[in-house]
file structure-v5.cif (mmCIF, C-alpha atoms)
data_run
loop_
_atom_site.group_PDB
_atom_site.id
_atom_site.type_symbol
_atom_site.label_atom_id
_atom_site.label_comp_id
_atom_site.auth_asym_id
_atom_site.auth_seq_id
_atom_site.Cartn_x
_atom_site.Cartn_y
_atom_site.Cartn_z
ATOM 1 C CA MET A 1 21.525 131.097 -2.559
ATOM 2 C CA GLU A 2 21.190 129.182 -5.784
ATOM 3 C CA LYS A 3 20.685 125.871 -4.025
ATOM 4 C CA ARG A 4 17.539 127.202 -2.388
ATOM 5 C CA GLY A 5 15.864 127.980 -5.690
ATOM 6 C CA ASN A 6 14.064 131.283 -6.092
ATOM 7 C CA VAL A 7 12.219 131.430 -2.753
ATOM 8 C CA THR A 8 13.408 134.342 -0.601
ATOM 9 C CA GLU A 9 10.382 134.555 1.675
ATOM 10 C CA PHE A 10 7.541 132.417 2.979
ATOM 11 C CA ILE A 11 3.863 133.232 3.497
ATOM 12 C CA PHE A 12 2.002 131.972 6.570
ATOM 13 C CA LEU A 13 -1.664 131.027 6.283
ATOM 14 C CA GLY A 14 -1.992 131.577 10.030
ATOM 15 C CA LEU A 15 -4.637 130.242 12.373
ATOM 16 C CA THR A 16 -7.703 131.508 10.512
ATOM 17 C CA GLY A 17 -8.643 133.320 7.317
ATOM 18 C CA SER A 18 -11.445 135.285 8.987
ATOM 19 C CA THR A 19 -10.679 138.976 9.544
ATOM 20 C CA GLN A 20 -12.895 139.136 12.626
ATOM 21 C CA GLY A 21 -11.386 135.911 13.923
ATOM 22 C CA GLN A 22 -7.891 137.319 13.537
ATOM 23 C CA LYS A 23 -8.805 140.466 15.480
ATOM 24 C CA ALA A 24 -10.264 138.381 18.298
ATOM 25 C CA LEU A 25 -7.205 136.113 18.359
ATOM 26 C CA PHE A 26 -4.947 139.180 18.410
ATOM 27 C CA VAL A 27 -6.527 140.329 21.680
ATOM 28 C CA VAL A 28 -6.499 136.814 23.178
ATOM 29 C CA PHE A 29 -2.872 136.032 22.333
ATOM 30 C CA LEU A 30 -1.666 139.500 23.322
ATOM 31 C CA LEU A 31 -3.206 139.001 26.770
ATOM 32 C CA ILE A 32 -1.747 135.474 27.001
ATOM 33 C CA TYR A 33 1.719 136.771 26.111
ATOM 34 C CA LEU A 34 1.531 139.598 28.654
ATOM 35 C CA VAL A 35 0.382 137.184 31.376
ATOM 36 C CA THR A 36 3.163 134.754 30.376
ATOM 37 C CA MET A 37 5.882 137.377 30.651
ATOM 38 C CA ALA A 38 4.487 138.856 33.876
ATOM 39 C CA GLY A 39 4.045 135.448 35.552
ATOM 40 C CA ASN A 40 7.491 134.180 34.653
ATOM 41 C CA LEU A 41 9.113 137.497 35.566
ATOM 42 C CA LEU A 42 7.392 137.318 38.958
ATOM 43 C CA ILE A 43 8.873 133.874 39.606
ATOM 44 C CA ILE A 44 12.342 134.977 38.440
ATOM 45 C CA VAL A 45 12.285 138.022 40.751
ATOM 46 C CA THR A 46 10.889 136.011 43.687
ATOM 47 C CA VAL A 47 13.487 133.233 43.370
ATOM 48 C CA THR A 48 16.314 135.754 42.945
ATOM 49 C CA LEU A 49 15.405 137.998 45.878
ATOM 50 C CA SER A 50 14.009 135.501 48.422
ATOM 51 C CA PRO A 51 16.570 133.944 50.804
ATOM 52 C CA ALA A 52 14.039 131.215 51.678
ATOM 53 C CA LEU A 53 14.195 129.931 48.082
ATOM 54 C CA ASP A 54 17.982 129.539 48.020
ATOM 55 C CA SER A 55 18.004 125.860 47.053
ATOM 56 C CA PRO A 56 18.775 123.882 43.865
ATOM 57 C CA MET A 57 15.082 123.233 43.168
ATOM 58 C CA TYR A 58 14.274 126.933 43.032
ATOM 59 C CA PHE A 59 17.496 127.710 41.163
ATOM 60 C CA PHE A 60 16.229 125.473 38.349
ATOM 61 C CA LEU A 61 12.662 126.772 38.700
ATOM 62 C CA GLY A 62 13.939 130.303 38.126
ATOM 63 C CA TYR A 63 15.752 129.245 34.979
ATOM 64 C CA LEU A 64 12.692 127.312 33.806
ATOM 65 C CA SER A 65 10.802 130.608 33.939
ATOM 66 C CA VAL A 66 13.603 132.238 31.938
ATOM 67 C CA MET A 67 13.291 129.498 29.312
ATOM 68 C CA ASP A 68 9.500 129.797 29.226
ATOM 69 C CA SER A 69 9.848 133.531 28.561
ATOM 70 C CA LEU A 70 12.399 133.010 25.777
ATOM 71 C CA TYR A 71 10.513 130.042 24.289
ATOM 72 C CA SER A 72 7.264 131.989 24.094
ATOM 73 C CA SER A 73 9.041 135.090 22.753
ATOM 74 C CA ALA A 74 10.543 133.095 19.880
ATOM 75 C CA VAL A 75 7.054 132.542 18.430
ATOM 76 C CA THR A 76 4.284 134.597 20.016
ATOM 77 C CA PRO A 77 5.225 138.243 19.176
ATOM 78 C CA ASN A 78 5.630 137.457 15.473
ATOM 79 C CA MET A 79 2.313 135.571 15.440
ATOM 80 C CA ILE A 80 0.535 138.462 17.205
ATOM 81 C CA VAL A 81 1.831 140.975 14.631
ATOM 82 C CA ASP A 82 0.830 138.670 11.768
ATOM 83 C CA LEU A 83 -2.764 138.578 13.039
ATOM 84 C CA LEU A 84 -3.012 142.262 12.067
ATOM 85 C CA CYS A 85 -1.468 141.735 8.619
ATOM 86 C CA VAL A 86 -3.303 140.798 5.448
ATOM 87 C CA LYS A 87 -0.217 139.133 3.978
ATOM 88 C CA LYS A 88 1.800 137.260 6.597
ATOM 89 C CA THR A 89 5.312 137.058 5.160
ATOM 90 C CA ILE A 90 8.640 136.098 6.692
ATOM 91 C CA SER A 91 12.026 136.246 5.003
ATOM 92 C CA PHE A 92 14.081 133.098 4.554
ATOM 93 C CA ARG A 93 16.680 134.238 7.079
ATOM 94 C CA ALA A 94 14.046 135.282 9.616
ATOM 95 C CA CYS A 95 12.374 131.897 9.155
ATOM 96 C CA MET A 96 15.659 130.106 9.832
ATOM 97 C CA THR A 97 16.281 132.325 12.864
ATOM 98 C CA GLN A 98 12.852 131.493 14.265
ATOM 99 C CA LEU A 99 13.360 127.780 13.619
ATOM 100 C CA PHE A 100 16.739 127.807 15.379
ATOM 101 C CA SER A 101 15.718 129.943 18.375
ATOM 102 C CA TRP A 102 12.453 128.067 18.951
ATOM 103 C CA HIS A 103 14.161 124.668 18.997
ATOM 104 C CA LEU A 104 17.098 126.046 21.006
ATOM 105 C CA PHE A 105 14.890 127.262 23.855
ATOM 106 C CA GLY A 106 12.579 124.249 23.571
ATOM 107 C CA GLY A 107 15.546 121.857 23.682
ATOM 108 C CA VAL A 108 17.012 123.575 26.740
ATOM 109 C CA GLU A 109 13.617 123.431 28.474
ATOM 110 C CA ILE A 110 13.264 119.694 27.803
ATOM 111 C CA LEU A 111 16.682 118.990 29.317
ATOM 112 C CA LEU A 112 15.983 121.364 32.201
ATOM 113 C CA LEU A 113 12.848 119.383 33.060
ATOM 114 C CA VAL A 114 14.996 116.234 33.171
ATOM 115 C CA VAL A 115 17.478 117.994 35.459
ATOM 116 C CA MET A 116 14.618 119.091 37.738
ATOM 117 C CA ALA A 117 13.385 115.480 37.956
ATOM 118 C CA TYR A 118 16.919 114.365 38.891
ATOM 119 C CA ASP A 119 17.029 117.095 41.538
ATOM 120 C CA ARG A 120 13.731 115.874 43.074
ATOM 121 C CA PHE A 121 14.951 112.266 42.972
ATOM 122 C CA LEU A 122 18.053 113.161 44.992
ATOM 123 C CA ALA A 123 16.128 115.382 47.425
ATOM 124 C CA ILE A 124 13.560 112.687 48.223
ATOM 125 C CA CYS A 125 15.510 109.447 47.801
ATOM 126 C CA LYS A 126 18.921 110.608 49.087
ATOM 127 C CA PRO A 127 18.143 113.504 51.458
ATOM 128 C CA LEU A 128 21.336 113.149 53.535
ATOM 129 C CA HIS A 129 23.581 113.528 50.487
ATOM 130 C CA TYR A 130 21.369 115.934 48.533
ATOM 131 C CA LEU A 131 23.088 119.250 49.248
ATOM 132 C CA THR A 132 26.530 117.650 48.915
ATOM 133 C CA ILE A 133 25.725 116.258 45.466
ATOM 134 C CA MET A 134 23.668 119.219 44.214
ATOM 135 C CA ASN A 135 26.105 121.949 45.171
ATOM 136 C CA LYS A 136 26.252 125.271 43.305
ATOM 137 C CA ARG A 137 28.959 124.072 40.927
ATOM 138 C CA VAL A 138 26.961 120.984 39.917
ATOM 139 C CA CYS A 139 23.804 123.069 39.401
ATOM 140 C CA VAL A 140 25.631 125.478 37.079
ATOM 141 C CA LEU A 141 27.236 122.565 35.223
ATOM 142 C CA LEU A 142 23.854 120.865 34.681
ATOM 143 C CA LEU A 143 22.421 124.160 33.428
ATOM 144 C CA LEU A 144 25.324 124.560 30.977
ATOM 145 C CA LEU A 145 24.843 120.985 29.746
ATOM 146 C CA ALA A 146 21.165 121.769 29.104
ATOM 147 C CA TRP A 147 22.213 124.791 27.008
ATOM 148 C CA VAL A 148 24.774 122.753 25.078
ATOM 149 C CA GLY A 149 22.221 120.011 24.395
ATOM 150 C CA GLY A 150 19.616 122.544 23.284
ATOM 151 C CA PHE A 151 22.131 124.285 21.010
ATOM 152 C CA LEU A 152 23.142 121.034 19.302
ATOM 153 C CA HIS A 153 19.474 120.058 18.917
ATOM 154 C CA ALA A 154 18.636 123.384 17.214
ATOM 155 C CA LEU A 155 21.833 123.423 15.137
ATOM 156 C CA LEU A 156 20.976 120.062 13.551
ATOM 157 C CA HIS A 157 17.638 121.474 12.391
ATOM 158 C CA LEU A 158 19.317 124.480 10.844
ATOM 159 C CA LEU A 159 21.983 122.410 9.085
ATOM 160 C CA PHE A 160 19.420 120.069 7.527
ATOM 161 C CA VAL A 161 17.025 122.779 6.316
ATOM 162 C CA TYR A 162 19.233 125.734 5.366
ATOM 163 C CA ASP A 163 20.545 124.307 2.075
ATOM 164 C CA LEU A 164 17.324 122.626 0.931
ATOM 165 C CA PRO A 165 16.071 123.866 -2.456
ATOM 166 C CA PHE A 166 12.802 125.810 -2.160
ATOM 167 C CA CYS A 167 11.568 126.384 -5.700
ATOM 168 C CA GLY A 168 7.939 127.230 -4.906
ATOM 169 C CA PRO A 169 5.239 127.307 -3.731
ATOM 170 C CA ASN A 170 6.222 129.250 -0.634
ATOM 171 C CA VAL A 171 2.964 129.124 1.366
ATOM 172 C CA ILE A 172 3.254 127.544 4.843
ATOM 173 C CA ASP A 173 0.005 126.252 6.306
ATOM 174 C CA HIS A 174 1.050 127.238 9.815
ATOM 175 C CA PHE A 175 1.887 130.334 11.864
ATOM 176 C CA ILE A 176 5.548 129.439 12.550
ATOM 177 C CA CYS A 177 8.563 128.032 10.716
ATOM 178 C CA ASP A 178 8.896 124.402 11.782
ATOM 179 C CA MET A 179 10.466 121.319 10.259
ATOM 180 C CA TYR A 180 7.520 119.434 8.764
ATOM 181 C CA PRO A 181 5.857 122.449 7.082
ATOM 182 C CA LEU A 182 9.249 123.428 5.591
ATOM 183 C CA LEU A 183 10.061 119.888 4.421
ATOM 184 C CA LYS A 184 6.697 119.838 2.655
ATOM 185 C CA LEU A 185 7.782 122.839 0.534
ATOM 186 C CA ALA A 186 11.254 121.571 -0.391
ATOM 187 C CA CYS A 187 11.536 120.521 -4.027
ATOM 188 C CA THR A 188 13.671 117.459 -3.316
ATOM 189 C CA ASP A 189 13.372 114.089 -1.598
ATOM 190 C CA THR A 190 13.296 114.728 2.159
ATOM 191 C CA ASN A 191 12.824 111.172 3.483
ATOM 192 C CA ILE A 192 16.347 111.022 4.916
ATOM 193 C CA ILE A 193 15.886 114.385 6.616
ATOM 194 C CA TRP A 194 12.559 113.187 8.029
ATOM 195 C CA LEU A 195 14.418 110.309 9.710
ATOM 196 C CA THR A 196 16.806 112.802 11.299
ATOM 197 C CA VAL A 197 13.845 114.878 12.518
ATOM 198 C CA LEU A 198 12.311 111.727 13.963
ATOM 199 C CA ALA A 199 15.579 110.989 15.758
ATOM 200 C CA ASN A 200 16.250 114.563 16.800
ATOM 201 C CA ASP A 201 12.739 115.526 17.899
ATOM 202 C CA GLY A 202 10.617 112.402 18.173
ATOM 203 C CA VAL A 203 13.072 110.128 19.959
ATOM 204 C CA ILE A 204 14.265 112.918 22.258
ATOM 205 C CA CYS A 205 10.666 113.682 23.264
ATOM 206 C CA VAL A 206 9.700 110.038 23.783
ATOM 207 C CA VAL A 207 12.887 109.019 25.621
ATOM 208 C CA ASN A 208 12.913 112.053 27.911
ATOM 209 C CA PHE A 209 9.197 111.702 28.598
ATOM 210 C CA ALA A 210 9.677 108.042 29.517
ATOM 211 C CA VAL A 211 12.688 108.851 31.724
ATOM 212 C CA LEU A 212 10.738 111.582 33.495
ATOM 213 C CA LEU A 213 7.722 109.355 34.126
ATOM 214 C CA VAL A 214 9.904 106.499 35.440
ATOM 215 C CA SER A 215 11.813 108.891 37.703
ATOM 216 C CA TYR A 216 8.610 110.241 39.218
ATOM 217 C CA VAL A 217 7.255 106.713 39.715
ATOM 218 C CA VAL A 218 10.451 105.875 41.638
ATOM 219 C CA ILE A 219 10.097 109.083 43.644
ATOM 220 C CA LEU A 220 6.457 108.340 44.512
ATOM 221 C CA HIS A 221 7.433 104.808 45.550
ATOM 222 C CA SER A 222 10.023 106.287 47.923
ATOM 223 C CA LEU A 223 7.503 108.545 49.668
ATOM 224 C CA LYS A 224 6.520 105.749 52.064
ATOM 225 C CA ASN A 225 9.786 106.385 53.920
ATOM 226 C CA LEU A 226 8.849 110.011 54.641
ATOM 227 C CA SER A 227 6.710 111.551 57.354
ATOM 228 C CA GLN A 228 3.152 112.606 56.567
ATOM 229 C CA GLU A 229 4.226 116.255 56.214
ATOM 230 C CA GLY A 230 7.158 115.214 54.034
ATOM 231 C CA ARG A 231 4.880 113.156 51.802
ATOM 232 C CA ARG A 232 2.440 116.022 51.426
ATOM 233 C CA LYS A 233 5.195 118.464 50.478
ATOM 234 C CA ALA A 234 6.842 116.007 48.055
ATOM 235 C CA LEU A 235 3.514 115.155 46.418
ATOM 236 C CA SER A 236 2.740 118.838 45.912
ATOM 237 C CA THR A 237 6.135 119.527 44.337
ATOM 238 C CA CYS A 238 6.205 116.398 42.172
ATOM 239 C CA GLY A 239 2.580 116.929 41.170
ATOM 240 C CA SER A 240 3.512 120.327 39.741
ATOM 241 C CA HIS A 241 6.469 118.867 37.855
ATOM 242 C CA VAL A 242 4.455 115.981 36.403
ATOM 243 C CA THR A 243 1.693 118.352 35.266
ATOM 244 C CA VAL A 244 4.212 120.545 33.415
ATOM 245 C CA VAL A 245 5.900 117.501 31.865
ATOM 246 C CA VAL A 246 2.614 116.082 30.522
ATOM 247 C CA LEU A 247 1.439 119.447 29.152
ATOM 248 C CA PHE A 248 4.735 119.953 27.318
ATOM 249 C CA PHE A 249 5.610 116.480 26.059
ATOM 250 C CA VAL A 250 2.301 114.940 24.947
ATOM 251 C CA PRO A 251 1.633 117.508 22.154
ATOM 252 C CA CYS A 252 5.318 117.356 21.088
ATOM 253 C CA ILE A 253 5.181 113.572 20.749
ATOM 254 C CA PHE A 254 1.980 113.757 18.711
ATOM 255 C CA ILE A 255 3.510 116.274 16.280
ATOM 256 C CA TYR A 256 6.994 114.813 15.792
ATOM 257 C CA VAL A 257 6.598 111.043 16.224
ATOM 258 C CA ARG A 258 4.911 110.351 12.898
ATOM 259 C CA PRO A 259 5.551 110.441 9.114
ATOM 260 C CA PRO A 260 6.420 113.829 7.581
ATOM 261 C CA SER A 261 3.010 115.406 7.079
ATOM 262 C CA THR A 262 0.975 118.349 8.267
ATOM 263 C CA SER A 263 -2.413 118.100 9.927
ATOM 264 C CA PRO A 264 -5.049 120.743 10.791
ATOM 265 C CA ILE A 265 -4.659 119.865 14.470
ATOM 266 C CA ASP A 266 -0.928 120.688 14.367
ATOM 267 C CA LYS A 267 -1.602 124.405 14.709
ATOM 268 C CA SER A 268 -3.847 123.902 17.742
ATOM 269 C CA LEU A 269 -1.283 121.632 19.424
ATOM 270 C CA THR A 270 1.501 124.122 18.701
ATOM 271 C CA VAL A 271 -0.571 126.888 20.286
ATOM 272 C CA PHE A 272 -1.001 124.677 23.340
ATOM 273 C CA TYR A 273 2.620 123.719 24.046
ATOM 274 C CA ALA A 274 4.371 126.781 22.592
ATOM 275 C CA ILE A 275 2.045 129.547 23.809
ATOM 276 C CA LEU A 276 -0.285 128.263 26.541
ATOM 277 C CA THR A 277 2.136 126.014 28.458
ATOM 278 C CA PRO A 278 4.667 128.826 29.166
ATOM 279 C CA MET A 279 1.752 130.809 30.602
ATOM 280 C CA LEU A 280 0.458 127.905 32.702
ATOM 281 C CA ASN A 281 3.827 126.899 34.192
ATOM 282 C CA PRO A 282 4.065 129.858 36.635
ATOM 283 C CA LEU A 283 0.457 129.280 37.738
ATOM 284 C CA ILE A 284 1.073 125.560 38.277
ATOM 285 C CA TYR A 285 4.240 126.092 40.310
ATOM 286 C CA THR A 286 2.902 128.965 42.434
ATOM 287 C CA LEU A 287 -0.578 127.617 43.146
ATOM 288 C CA ARG A 288 0.756 124.204 44.237
ATOM 289 C CA ASN A 289 3.849 125.389 46.093
ATOM 290 C CA ALA A 290 3.347 126.896 49.548
ATOM 291 C CA GLU A 291 6.987 128.042 49.811
ATOM 292 C CA VAL A 292 6.800 130.048 46.574
ATOM 293 C CA LYS A 293 3.485 131.634 47.590
ATOM 294 C CA SER A 294 4.876 132.500 51.022
ATOM 295 C CA ALA A 295 8.053 133.975 49.518
ATOM 296 C CA MET A 296 6.000 136.076 47.088
ATOM 297 C CA LYS A 297 3.810 137.352 49.914
ATOM 298 C CA LYS A 298 6.821 138.297 52.075
ATOM 299 C CA LEU A 299 8.624 139.919 49.141
ATOM 300 C CA TRP A 300 5.728 142.137 48.103
ATOM 301 C CA THR A 301 4.745 142.909 51.710
ATOM 302 C CA ARG A 302 8.314 144.070 52.377
ATOM 303 C CA LYS A 303 8.314 146.140 49.202
ATOM 304 C CA TRP A 304 5.191 148.076 50.084
ATOM 305 C CA LYS A 305 6.049 148.731 53.714
#

call {"tool": "encode", "arguments": {"input": "structure-v5.cif", "output": "structure tokens"}}
result
Amino acid sequence: MEKRGNVTEFIFLGLTGSTQGQKALFVVFLLIYLVTMAGNLLIIVTVTLSPALDSPMYFFLGYLSVMDSLYSSAVTPNMIVDLLCVKKTISFRACMTQLFSWHLFGGVEILLLVVMAYDRFLAICKPLHYLTIMNKRVCVLLLLLAWVGGFLHALLHLLFVYDLPFCGPNVIDHFICDMYPLLKLACTDTNIIWLTVLANDGVICVVNFAVLLVSYVVILHSLKNLSQEGRRKALSTCGSHVTVVVLFFVPCIFIYVRPPSTSPIDKSLTVFYAILTPMLNPLIYTLRNAEVKSAMKKLWTRKWK
């Protein structure tokens, strides 16, 4: 405790200082969160109960919806409650818990997107060996590796921040506990820690984004070997994946691949990839995927018969 100085809680400035603005944002973000949870739950239920979606691609899609739900829940409920509070405080331990859980679920989602790209590569480029390679055991193993990678990613953040001395002030110009806003408040030299953040967040985002883009370029190049129907189906699936990848990674790269500073646009970008993207993912995958839409229709038709 002594090493942290005398700060036992932090105060968020939030998205706006306007009382009316906060009330309006409360309604907006509450609706977004409800839509996010309902949309992702719908995909989870559909993938779980539909025999037609018993394939590795939909196995990972179901878990992506689980991660979107957890990722959004690590940030959004607390932010919604704060919009109704005059003084937006969070204890040190709660701040560390939010930091860890947010990066845990975000890290797992990043690695899961890489796994999904690998799955599409095998399905399109090596169709004869696809089900042999991507058997149930391999799918579970890849999912566990994503969790391990996400855990290590989040643990490094916690280890670097937990023992920093926070002597005051304790006001965070944000609506969440994240690395750069916290490093700004530490009363010690944080240049070395910034380099670790750059390696842990920035490099991971850039490298994975580059790997994903290259993999989808290779996949698109391989489409010439497929039939017209096969190309249409592959383009629809890969188009959904690429859209999700761009929406998630571009804001992350902008925030973390830079010197340790905070910018007014950071809050808007965080809203986009931490709150809006988990809501958009179910819409992107269902609207562009005929199999998912068909499975949903059959499932709900059967339920109401």

call {"tool": "resolve_selection", "arguments": {"input": "structure-v5.cif", "expression": "the PyMOL selection byres ((chain A and resi 102) around 9)", "output": "list in words"}}
result
Leu70, Tyr71, Ser72, Ser73, Ala74, Val75, Thr97, Gln98, Leu99, Phe100, Ser101, His103, Leu104, Phe105, Gly106, Gly107, Ala154, Asp178 and Ala274 of chain A

call {"tool": "closest_residue", "arguments": {"input": "structure-v5.cif", "among": "A:Leu13, A:Leu42, A:Val66, A:Ala146", "to": "A:Leu111", "atoms": "all atoms listed in the file"}}
result
A:Ala146

call {"tool": "closest_residue", "arguments": {"input": "structure-v5.cif", "among": "A:Ser294, A:Asn191, A:Ser236, A:Gln22", "to": "A:Met79", "atoms": "all atoms listed in the file"}}
result
A:Gln22

call {"tool": "residues_near_point", "arguments": {"input": "structure-v5.cif", "point": "(0.8, 113.6, 29.4)", "cutoff": "12 Å", "atoms": "only C-alpha atoms", "output": "PDB file with C-alpha atoms, in the frame of the given file"}}
result
ATOM      1  CA  CYS A 205      10.666 113.682  23.264  1.00  0.00           C
ATOM      2  CA  VAL A 206       9.700 110.038  23.783  1.00  0.00           C
ATOM      3  CA  PHE A 209       9.197 111.702  28.598  1.00  0.00           C
ATOM      4  CA  ALA A 210       9.677 108.042  29.517  1.00  0.00           C
ATOM      5  CA  LEU A 212      10.738 111.582  33.495  1.00  0.00           C
ATOM      6  CA  LEU A 213       7.722 109.355  34.126  1.00  0.00           C
ATOM      7  CA  HIS A 241       6.469 118.867  37.855  1.00  0.00           C
ATOM      8  CA  VAL A 242       4.455 115.981  36.403  1.00  0.00           C
ATOM      9  CA  THR A 243       1.693 118.352  35.266  1.00  0.00           C
ATOM     10  CA  VAL A 244       4.212 120.545  33.415  1.00  0.00           C
ATOM     11  CA  VAL A 245       5.900 117.501  31.865  1.00  0.00           C
ATOM     12  CA  VAL A 246       2.614 116.082  30.522  1.00  0.00           C
ATOM     13  CA  LEU A 247       1.439 119.447  29.152  1.00  0.00           C
ATOM     14  CA  PHE A 248       4.735 119.953  27.318  1.00  0.00           C
ATOM     15  CA  PHE A 249       5.610 116.480  26.059  1.00  0.00           C
ATOM     16  CA  VAL A 250       2.301 114.940  24.947  1.00  0.00           C
ATOM     17  CA  PRO A 251       1.633 117.508  22.154  1.00  0.00           C
ATOM     18  CA  CYS A 252       5.318 117.356  21.088  1.00  0.00           C
ATOM     19  CA  ILE A 253       5.181 113.572  20.749  1.00  0.00           C
ATOM     20  CA  PHE A 254       1.980 113.757  18.711  1.00  0.00           C
ATOM     21  CA  TYR A 273       2.620 123.719  24.046  1.00  0.00           C
TER      22      TYR A 273
END

call {"tool": "resolve_selection", "arguments": {"input": "structure-v5.cif", "expression": "the PyMOL selection byres ((chain A and resi 118-135) around 8)", "output": "number ranges by chain"}}
result
A: 56-57, 114-117, 136-139, 215-216, 218-219, 222-223, 234, 238

call {"tool": "atom_distance", "arguments": {"input": "structure-v5.cif", "atom1": "atom CA of A:Met179", "atom2": "atom CA of A:Leu159"}}
result
11.6 Å

call {"tool": "closest_residue", "arguments": {"input": "structure-v5.cif", "among": "A:Leu61, A:Leu141, A:Leu185, A:Leu269", "to": "A:Asn170", "atoms": "all atoms listed in the file"}}
result
A:Leu185

call {"tool": "atom_distance", "arguments": {"input": "structure-v5.cif", "atom1": "atom CA of A:Val28", "atom2": "atom CA of A:Thr76"}}
result
11.5 Å

call {"tool": "atom_distance", "arguments": {"input": "structure-v5.cif", "atom1": "atom CA of A:Leu25", "atom2": "atom CA of A:Leu83"}}
result
7.4 Å

call {"tool": "resolve_selection", "arguments": {"input": "structure-v5.cif", "expression": "the PyMOL selection byres ((chain A and resi 64) around 10)", "output": "number ranges by chain"}}
result
A: 40, 43-44, 58-63, 65-70, 108-110, 112-113, 116, 278, 281-282

call {"tool": "axis_aligned_box", "arguments": {"input": "structure-v5.cif", "around": "stretch 113-120 of chain A", "padding_each_side": "3 Å", "output": "JSON"}}
result
{"center_x": 15.2, "center_y": 116.9, "center_z": 38.1, "size_x": 10.6, "size_y": 11.0, "size_z": 16.0}

call {"tool": "residues_around", "arguments": {"input": "structure-v5.cif", "residues": "stretch 193-200 of chain A", "least_positions_apart": "6", "cutoff": "12 Å", "atoms": "only C-alpha atoms", "output": "PyMOL selection string"}}
result
chain A and resi 103+107+149-150+152-164+178-184+186+206-208+252-261

call {"tool": "closest_residue", "arguments": {"input": "structure-v5.cif", "among": "A:Ala295, A:Leu143, A:Ile265, A:Ala290", "to": "A:His174", "atoms": "all atoms listed in the file"}}
result
A:Ile265

call {"tool": "closest_residue", "arguments": {"input": "structure-v5.cif", "among": "A:Leu144, A:Pro77, A:His221, A:Ser18", "to": "A:Ile176", "atoms": "all atoms listed in the file"}}
result
A:Pro77

call {"tool": "closest_residue", "arguments": {"input": "structure-v5.cif", "among": "A:Asn78, A:Cys95, A:Val214, A:Thr286", "to": "A:Tyr33", "atoms": "only C-alpha atoms"}}
result
A:Asn78

call {"tool": "residues_near_point", "arguments": {"input": "structure-v5.cif", "point": "(-4.9, 126.6, 16.0)", "cutoff": "10 Å", "atoms": "all atoms listed in the file", "output": "short mmCIF file (atom, residue, chain, number, x, y, z; two decimals) with C-alpha atoms, in the frame of the given file"}}
result
data_model
loop_
_atom_site.label_atom_id
_atom_site.label_comp_id
_atom_site.auth_asym_id
_atom_site.auth_seq_id
_atom_site.Cartn_x
_atom_site.Cartn_y
_atom_site.Cartn_z
CA GLY A 14 -1.99 131.58 10.03
CA LEU A 15 -4.64 130.24 12.37
CA THR A 16 -7.70 131.51 10.51
CA HIS A 174 1.05 127.24 9.82
CA PHE A 175 1.89 130.33 11.86
CA PRO A 264 -5.05 120.74 10.79
CA ILE A 265 -4.66 119.86 14.47
CA ASP A 266 -0.93 120.69 14.37
CA LYS A 267 -1.60 124.40 14.71
CA SER A 268 -3.85 123.90 17.74
CA LEU A 269 -1.28 121.63 19.42
CA THR A 270 1.50 124.12 18.70
CA VAL A 271 -0.57 126.89 20.29
CA PHE A 272 -1.00 124.68 23.34
#
